[in-house]
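First the structure, in the form of structure tokens, and then the observations on it.
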Amino acid sequence: MTELSDLARVPLVLEPTPLTRAERLSEAVGVELWLKRDDLTGIGLGGNKLRGLEFLLGDALAKASDCVVTGGGPQSNWAMLAALTARLAGLEPFVVHYGTPPTEVSGNQLLCGLLGVDRRFTGEADRASVDHGIDRLTKALARQGRRPYPIVRGGADPLGVTGYVRGGLELDDQVRVSRLTPSHVWLASGSCGTQAGLVAAAHLLGWTSEVVGVTVSRPRDDAERRVGELARATCELLAIGPVASTRWRVVGGYAGPAHGRPSPAGQAAAQLVLRTEGVLLDPVFAAKAFAALMDAARAEELNGPVVFLVSGGAPTVFAM
Ligand SMILES: Cc1ncc(COP(=O)(O)O)c(C=O)c1O
């Protein structure tokens, strides 16, 4: 049996990140809202991905790796933060992107350039081409005598997901101190690892709150299957037990024109949050998730209080 505290971990997150009551936003939306500020995790403009990276890089170092190979879209927050934190841990970062090199360098591409990251483009529009690219590059580096540590897109494997089991424990302490019983914990789901970690935490802690993920990239059914599988595998890793009784679901219909492109509803939601609370939502994850929350509030589906995860992604605010 593995306890959370038995796992190797590189501390990266300035914890606990704040949980703040959003009074003006609550009034505008019509439900009591609290913001869990994981945009303030600290390093490299922050974001949810730092939590999983603590465990993934801990494992990479425990295995005496000398470099990290991962990937995502050209504006992937994940890929940039993985590269940045790999550098901090003394590991050389390699990143595989789908598509072709962008003509205009902005957002996460700009930051990867500043970090001097070795970036490869698959030349294919298909996101799955990144998975093959990571595999090929890992094998090529091993043939050259390197000790590469490959990480799946988004860090969405049981070890990466463990970051949000720990994040869930942190949130649990905070809601107790604030004497809150959230009806919902609401967030954006992409690779689904963040939601899976919170679902596993919810099971471990016996939460009554429903953990709602708004899928911004994959079809709803696919996302739901992935959250379930990843949560189960993570519970197995940590010997938490089955997740069947936990309340969670995935909401679809908010991806907008495409993954990685802003949506009009998301942009309106992000403007409201910025104008009422001074908090930036990234245009392709949290903004779309908040648009879904506003619709659910309008339809009187939320009792509240609702905890909304502000998941970071600040670099892409300047790249769309
Ligand atoms: C800013 C931001 N929010 C939310 C997510 C979604 O997290 P996950 O991929 O764990 O579902 C991501 C993923 O990259 C992200 O960058």
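The chains in the structure tokens are called A, B, ... from first to last as shown; in each chain the residues are counted from 1, and the ligands are counted from 1 in the order shown.
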* To do: Could you pull out the residues in region 80-121 of chain A that DSSP calls strand (DSSP E or B) from the backbone, as a PyMOL selection string?
  => chain A and resi 92-97+118-121
* **Close residues, Val211 (chain A) itself excluded, 7 Å, only C-alpha atoms, min 4 positions apart in chain, as JSON, numbers by chain** => {"A": [184, 185, 186, 199, 247, 248, 249]}
Please produce a file of those selected residues containing all heavy atoms, as a CSV table (one decimal), in the first residue's frame.
chain,number,residue,atom,x,y,z
A,184,HIS,N,-21.0,22.3,-4.6
A,184,HIS,CA,-20.2,21.8,-5.8
A,184,HIS,C,-18.8,22.3,-5.7
A,184,HIS,O,-18.5,23.4,-5.2
A,184,HIS,CB,-20.8,22.4,-7.1
A,184,HIS,CG,-22.2,22.0,-7.4
A,184,HIS,ND1,-23.3,22.6,-6.8
A,184,HIS,CD2,-22.7,21.0,-8.2
A,184,HIS,CE1,-24.4,22.0,-7.2
A,184,HIS,NE2,-24.1,21.0,-8.0
A,185,VAL,N,-17.9,21.5,-6.3
A,185,VAL,CA,-16.5,22.0,-6.6
A,185,VAL,C,-16.5,22.0,-8.1
A,185,VAL,O,-16.8,20.9,-8.7
A,185,VAL,CB,-15.5,21.1,-6.0
A,185,VAL,CG1,-14.1,21.5,-6.4
A,185,VAL,CG2,-15.6,21.1,-4.5
A,186,TRP,N,-16.2,23.1,-8.8
A,186,TRP,CA,-16.5,23.3,-10.2
A,186,TRP,C,-15.1,23.7,-10.9
A,186,TRP,O,-14.4,24.5,-10.4
A,186,TRP,CB,-17.5,24.4,-10.4
A,186,TRP,CG,-18.2,24.5,-11.7
A,186,TRP,CD1,-17.6,25.0,-12.9
A,186,TRP,CD2,-19.5,24.1,-12.0
A,186,TRP,NE1,-18.6,24.9,-13.9
A,186,TRP,CE2,-19.7,24.3,-13.4
A,186,TRP,CE3,-20.5,23.5,-11.3
A,186,TRP,CZ2,-20.9,24.0,-14.0
A,186,TRP,CZ3,-21.7,23.2,-11.9
A,186,TRP,CH2,-21.9,23.4,-13.3
A,199,VAL,N,-11.8,13.9,-7.5
A,199,VAL,CA,-12.8,12.9,-7.3
A,199,VAL,C,-12.2,11.8,-6.3
A,199,VAL,O,-12.9,11.4,-5.3
A,199,VAL,CB,-13.2,12.2,-8.6
A,199,VAL,CG1,-14.0,10.9,-8.4
A,199,VAL,CG2,-14.0,13.1,-9.5
A,247,ARG,N,-19.9,11.7,-5.6
A,247,ARG,CA,-20.7,12.5,-6.6
A,247,ARG,C,-19.9,13.3,-7.5
A,247,ARG,O,-19.1,14.2,-7.0
A,247,ARG,CB,-21.7,13.4,-5.8
A,247,ARG,CG,-22.7,12.6,-5.0
A,247,ARG,CD,-23.6,13.5,-4.2
A,247,ARG,NE,-24.3,14.4,-5.0
A,247,ARG,CZ,-24.4,15.8,-4.9
A,247,ARG,NH1,-23.7,16.3,-3.9
A,247,ARG,NH2,-25.1,16.5,-5.7
A,248,TRP,N,-19.9,13.0,-8.8
A,248,TRP,CA,-19.2,13.8,-9.7
A,248,TRP,C,-19.8,13.6,-11.1
A,248,TRP,O,-20.5,12.7,-11.3
A,248,TRP,CB,-17.7,13.4,-9.8
A,248,TRP,CG,-17.4,12.0,-10.3
A,248,TRP,CD1,-17.4,10.8,-9.5
A,248,TRP,CD2,-17.2,11.5,-11.6
A,248,TRP,NE1,-17.1,9.7,-10.3
A,248,TRP,CE2,-17.0,10.1,-11.6
A,248,TRP,CE3,-17.1,12.2,-12.9
A,248,TRP,CZ2,-16.7,9.4,-12.8
A,248,TRP,CZ3,-16.8,11.5,-14.0
A,248,TRP,CH2,-16.6,10.1,-13.9
A,249,ARG,N,-19.6,14.6,-12.0
A,249,ARG,CA,-20.0,14.4,-13.4
A,249,ARG,C,-19.2,15.4,-14.3
A,249,ARG,O,-18.5,16.2,-13.8
A,249,ARG,CB,-21.5,14.8,-13.5
A,249,ARG,CG,-21.9,16.2,-13.3
A,249,ARG,CD,-23.4,16.4,-13.2
A,249,ARG,NE,-23.7,17.5,-12.3
A,249,ARG,CZ,-24.1,18.7,-12.8
A,249,ARG,NH1,-24.2,19.0,-14.1
A,249,ARG,NH2,-24.3,19.7,-11.9
* Write out as a VMD selection string the residues lying within 10 Å of Gly163 (chain A), counting only C-alpha atoms and excluding same-chain residues fewer than 5 positions away. => chain A and resid 4 9 48 to 56 155 158 168 193 to 194 197 to 198
* To do: Output the neighbourhood of ligand 1 as number ranges by chain, that is, all protein and nucleic acid residues with some atom at most 8 Å from the ligand, counting only C-alpha atoms and all ligand atoms.
  => A: 39, 47-49, 76-78, 154-156, 161, 187-196, 215, 282, 284-286, 310-314
Output N, CA, C and O atoms for every residue in the selection just made, as a CSV table (one decimal), in the first residue's frame.
chain,number,residue,atom,x,y,z
A,39,ASP,N,-4.3,29.6,-9.6
A,39,ASP,CA,-3.5,30.4,-10.4
A,39,ASP,C,-2.3,31.0,-9.6
A,39,ASP,O,-1.4,31.5,-10.2
A,47,GLY,N,-0.6,27.9,-11.7
A,47,GLY,CA,-1.5,27.0,-12.5
A,47,GLY,C,-1.6,25.6,-11.8
A,47,GLY,O,-0.8,25.2,-11.0
A,48,ASN,N,-2.7,24.9,-12.2
A,48,ASN,CA,-3.0,23.6,-11.6
A,48,ASN,C,-1.9,22.6,-11.9
A,48,ASN,O,-1.7,21.7,-11.0
A,49,LYS,N,-1.2,22.7,-13.0
A,49,LYS,CA,-0.3,21.6,-13.4
A,49,LYS,C,0.9,21.4,-12.4
A,49,LYS,O,1.5,20.4,-12.4
A,76,SER,N,0.4,25.0,-24.9
A,76,SER,CA,0.1,24.1,-23.8
A,76,SER,C,0.7,24.7,-22.5
A,76,SER,O,1.9,24.9,-22.4
A,77,ASN,N,-0.2,25.0,-21.5
A,77,ASN,CA,0.3,25.5,-20.2
A,77,ASN,C,1.1,24.3,-19.6
A,77,ASN,O,2.1,24.6,-18.9
A,78,TRP,N,0.6,23.1,-19.7
A,78,TRP,CA,1.3,21.9,-19.2
A,78,TRP,C,2.7,21.8,-19.6
A,78,TRP,O,3.6,21.7,-18.8
A,154,GLY,N,-0.4,16.4,-20.4
A,154,GLY,CA,-1.2,16.9,-19.3
A,154,GLY,C,-0.8,16.3,-17.9
A,154,GLY,O,-1.3,16.6,-16.9
A,155,GLY,N,0.2,15.4,-17.9
A,155,GLY,CA,0.6,14.7,-16.7
A,155,GLY,C,-0.6,13.8,-16.1
A,155,GLY,O,-0.6,13.6,-14.9
A,156,ALA,N,-1.4,13.4,-17.1
A,156,ALA,CA,-2.7,12.7,-16.6
A,156,ALA,C,-2.4,11.2,-16.5
A,156,ALA,O,-2.9,10.4,-17.3
A,161,VAL,N,-2.0,12.6,-11.2
A,161,VAL,CA,-3.3,12.8,-10.6
A,161,VAL,C,-3.2,13.0,-9.1
A,161,VAL,O,-4.0,13.7,-8.5
A,187,LEU,N,-14.9,23.0,-12.0
A,187,LEU,CA,-13.5,23.2,-12.7
A,187,LEU,C,-13.6,22.9,-14.1
A,187,LEU,O,-14.6,22.3,-14.6
A,188,ALA,N,-12.5,23.3,-14.9
A,188,ALA,CA,-12.4,22.9,-16.3
A,188,ALA,C,-11.7,21.5,-16.3
A,188,ALA,O,-10.8,21.3,-15.6
A,189,SER,N,-12.1,20.7,-17.3
A,189,SER,CA,-11.4,19.4,-17.5
A,189,SER,C,-10.9,19.4,-18.9
A,189,SER,O,-11.6,19.6,-19.9
A,190,GLY,N,-9.6,19.0,-19.1
A,190,GLY,CA,-9.0,18.9,-20.4
A,190,GLY,C,-8.5,17.4,-20.5
A,190,GLY,O,-9.1,16.6,-21.0
A,191,SER,N,-7.3,17.2,-19.9
A,191,SER,CA,-6.8,15.8,-19.9
A,191,SER,C,-7.5,15.0,-18.8
A,191,SER,O,-7.3,13.8,-18.7
A,192,CYS,N,-8.2,15.7,-18.0
A,192,CYS,CA,-9.1,15.1,-16.9
A,192,CYS,C,-8.4,14.7,-15.6
A,192,CYS,O,-9.0,14.2,-14.7
A,193,GLY,N,-7.1,14.9,-15.6
A,193,GLY,CA,-6.3,14.5,-14.4
A,193,GLY,C,-6.7,15.4,-13.1
A,193,GLY,O,-6.8,14.8,-12.0
A,194,THR,N,-7.0,16.6,-13.3
A,194,THR,CA,-7.3,17.5,-12.2
A,194,THR,C,-8.6,17.0,-11.5
A,194,THR,O,-8.7,16.8,-10.3
A,195,GLN,N,-9.6,16.8,-12.4
A,195,GLN,CA,-10.9,16.4,-11.9
A,195,GLN,C,-10.8,15.0,-11.2
A,195,GLN,O,-11.3,14.8,-10.1
A,196,ALA,N,-10.0,14.1,-11.9
A,196,ALA,CA,-9.9,12.7,-11.3
A,196,ALA,C,-9.2,12.8,-9.9
A,196,ALA,O,-9.7,12.1,-9.0
A,215,THR,N,-15.9,19.9,-19.7
A,215,THR,CA,-14.9,19.4,-20.7
A,215,THR,C,-14.7,20.5,-21.8
A,215,THR,O,-15.7,21.0,-22.3
A,282,ASP,N,-8.2,32.0,-17.7
A,282,ASP,CA,-7.6,31.8,-19.0
A,282,ASP,C,-8.7,31.5,-20.0
A,282,ASP,O,-9.8,31.1,-19.7
A,284,VAL,N,-9.2,29.5,-22.5
A,284,VAL,CA,-9.6,28.2,-23.1
A,284,VAL,C,-9.9,27.1,-22.1
A,284,VAL,O,-10.4,26.0,-22.5
A,285,PHE,N,-9.7,27.3,-20.8
A,285,PHE,CA,-10.1,26.3,-19.8
A,285,PHE,C,-11.1,27.0,-18.8
A,285,PHE,O,-12.3,26.7,-18.9
A,286,ALA,N,-10.5,27.8,-17.9
A,286,ALA,CA,-11.4,28.2,-16.8
A,286,ALA,C,-12.5,29.1,-17.3
A,286,ALA,O,-13.6,29.1,-16.7
A,310,VAL,N,-9.8,28.2,-9.9
A,310,VAL,CA,-9.1,29.1,-10.9
A,310,VAL,C,-7.8,28.4,-11.2
A,310,VAL,O,-6.9,28.3,-10.3
A,311,SER,N,-7.7,27.8,-12.4
A,311,SER,CA,-6.7,26.8,-12.6
A,311,SER,C,-5.4,27.4,-13.3
A,311,SER,O,-4.5,26.6,-13.7
A,312,GLY,N,-5.3,28.7,-13.5
A,312,GLY,CA,-4.1,29.3,-14.1
A,312,GLY,C,-4.2,29.5,-15.6
A,312,GLY,O,-5.2,29.9,-16.1
A,313,GLY,N,-3.1,29.3,-16.3
A,313,GLY,CA,-3.1,29.5,-17.7
A,313,GLY,C,-2.9,31.0,-18.1
A,313,GLY,O,-3.3,31.3,-19.3
A,314,ALA,N,-2.4,31.8,-17.2
A,314,ALA,CA,-2.2,33.2,-17.5
A,314,ALA,C,-1.5,33.5,-18.9
A,314,ALA,O,-1.9,34.4,-19.6
* Which residues come within 7 Å of Val96 (chain A), counting only C-alpha atoms, excluding same-chain residues fewer than 6 positions away, as a PyMOL selection string? -> chain A and resi 70-72+119-121+130+133-134
* To do: Would you mind listing what lies within 10 Å of Pro102 (chain A) as an MDAnalysis selection string, with only C-alpha atoms counted and same-chain residues fewer than 5 positions away left out?
  => chainID A and resid 74:75 109 121
* Among listed residues A:Leu19, A:Leu238, A:Ala287, A:Ala297, nearest Thr316 (chain A) (using only C-alpha atoms) ->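 Result for the nearest residue to Thr316 (chain A): A:Ala287.
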* Asked: Taking into account only C-alpha atoms, which residue in the set A:Thr100, A:Ser106, A:Thr41, A:Thr208 is nearest to Ala319 (chain A)?
  ->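 Using only C-alpha atoms, the shortest distance to Ala319 (chain A) belongs to A:Ser106.
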* **Given only C-alpha atoms as the counted atoms, nearest of A:Leu137, A:Leu159, A:Val13, A:Leu45 to Asn108 (chain A)** =>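 Result for the nearest residue to Asn108 (chain A): A:Leu45.
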* To do: Please provide as a list in words all residues within 9 Å of Glu224 (chain A), with the sequence filter that same-chain residues fewer than 2 positions apart are discarded (counting only C-alpha atoms).
  =>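 Listed by chain and then number, they are Cys192, Gly213, Thr215, Pro219, Arg220, Asp221, Asp222, Arg226, Val227, Gly228, Glu229, Arg249, Val250 and Val251 of chain A.
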Save out the residues we just selected, N, CA and C atoms, as a PDB file, in the first residue's frame.
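Dumped everything to again.pdb:
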ATOM      1  N   CYS A 192      -8.220  15.651 -17.961  1.00  0.00           N
ATOM      2  CA  CYS A 192      -9.086  15.054 -16.926  1.00  0.00           C
ATOM      3  C   CYS A 192      -8.369  14.698 -15.626  1.00  0.00           C
ATOM      4  N   GLY A 213     -16.748  18.745 -13.597  1.00  0.00           N
ATOM      5  CA  GLY A 213     -15.751  19.174 -14.574  1.00  0.00           C
ATOM      6  C   GLY A 213     -16.448  19.564 -15.872  1.00  0.00           C
ATOM      7  N   THR A 215     -15.895  19.853 -19.699  1.00  0.00           N
ATOM      8  CA  THR A 215     -14.907  19.416 -20.681  1.00  0.00           C
ATOM      9  C   THR A 215     -14.722  20.479 -21.764  1.00  0.00           C
ATOM     10  N   PRO A 219     -15.047  14.960 -26.221  1.00  0.00           N
ATOM     11  CA  PRO A 219     -16.487  14.753 -26.052  1.00  0.00           C
ATOM     12  C   PRO A 219     -16.811  14.361 -24.603  1.00  0.00           C
ATOM     13  N   ARG A 220     -18.025  14.709 -24.162  1.00  0.00           N
ATOM     14  CA  ARG A 220     -18.402  14.498 -22.761  1.00  0.00           C
ATOM     15  C   ARG A 220     -18.221  13.043 -22.312  1.00  0.00           C
ATOM     16  N   ASP A 221     -18.696  12.092 -23.130  1.00  0.00           N
ATOM     17  CA  ASP A 221     -18.636  10.674 -22.727  1.00  0.00           C
ATOM     18  C   ASP A 221     -17.187  10.220 -22.546  1.00  0.00           C
ATOM     19  N   ASP A 222     -16.343  10.671 -23.470  1.00  0.00           N
ATOM     20  CA  ASP A 222     -14.928  10.322 -23.428  1.00  0.00           C
ATOM     21  C   ASP A 222     -14.302  10.882 -22.139  1.00  0.00           C
ATOM     22  N   ARG A 226     -12.685   8.871 -18.956  1.00  0.00           N
ATOM     23  CA  ARG A 226     -11.301   9.122 -18.502  1.00  0.00           C
ATOM     24  C   ARG A 226     -11.232   9.524 -17.031  1.00  0.00           C
ATOM     25  N   VAL A 227     -12.137  10.401 -16.604  1.00  0.00           N
ATOM     26  CA  VAL A 227     -12.122  10.816 -15.188  1.00  0.00           C
ATOM     27  C   VAL A 227     -12.316   9.578 -14.309  1.00  0.00           C
ATOM     28  N   GLY A 228     -13.287   8.741 -14.684  1.00  0.00           N
ATOM     29  CA  GLY A 228     -13.574   7.536 -13.897  1.00  0.00           C
ATOM     30  C   GLY A 228     -12.361   6.609 -13.840  1.00  0.00           C
ATOM     31  N   GLU A 229     -11.750   6.375 -15.003  1.00  0.00           N
ATOM     32  CA  GLU A 229     -10.603   5.452 -15.058  1.00  0.00           C
ATOM     33  C   GLU A 229      -9.414   6.000 -14.269  1.00  0.00           C
ATOM     34  N   ARG A 249     -19.562  14.572 -11.999  1.00  0.00           N
ATOM     35  CA  ARG A 249     -20.038  14.448 -13.381  1.00  0.00           C
ATOM     36  C   ARG A 249     -19.236  15.377 -14.281  1.00  0.00           C
ATOM     37  N   VAL A 250     -19.418  15.150 -15.581  1.00  0.00           N
ATOM     38  CA  VAL A 250     -18.757  16.002 -16.582  1.00  0.00           C
ATOM     39  C   VAL A 250     -19.852  16.714 -17.375  1.00  0.00           C
ATOM     40  N   VAL A 251     -19.680  18.020 -17.555  1.00  0.00           N
ATOM     41  CA  VAL A 251     -20.623  18.826 -18.341  1.00  0.00           C
ATOM     42  C   VAL A 251     -20.007  19.061 -19.721  1.00  0.00           C
TER      43      VAL A 251
END
* Structure fact -> As a check of understanding: the span from CA of Ser178 (chain A) to CA of Leu25 (chain A) is 18.4 Å
* Write out as a PyMOL selection string which residues come within 8 Å of Phe290 (chain A) when counting only C-alpha atoms, dropping same-chain ones fewer than 2 positions away. => chain A and resi 187+266+269-270+286-288+292-294+308
* **Between CA of Asp157 (chain A) and CA of Cys67 (chain A), distance in Å (one decimal)** =>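 About the pair CA of Asp157 (chain A) and CA of Cys67 (chain A): they are 18.5 Å apart.
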* To do: Mind giving me the straight-line distance from CA of Thr2 (chain A) to CA of Glu236 (chain A) in Å, one decimal?
  =>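 Computing the Euclidean distance for CA of Thr2 (chain A) and CA of Glu236 (chain A) yields 9.1 Å.
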* Asked: Which of region 174-210 of chain A counts as alpha helix (DSSP H) under DSSP, as a list of chain:residue names please?
  ->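 Checking each residue of region 174-210 of chain A, the alpha helix (DSSP H) ones are A:Gln174, A:Val175, A:Arg176, A:Val177, A:Gly193, A:Thr194, A:Gln195, A:Ala196, A:Gly197, A:Leu198, A:Val199, A:Ala200, A:Ala201, A:Ala202, A:His203, A:Leu204, A:Leu205.
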* Asked: Counting only C-alpha atoms, which of A:Gly116, A:Pro18, A:Gly252, A:Pro182 gets nearest to Arg37 (chain A)?
  ->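 Closest to Arg37 (chain A), using only C-alpha atoms: A:Pro18.
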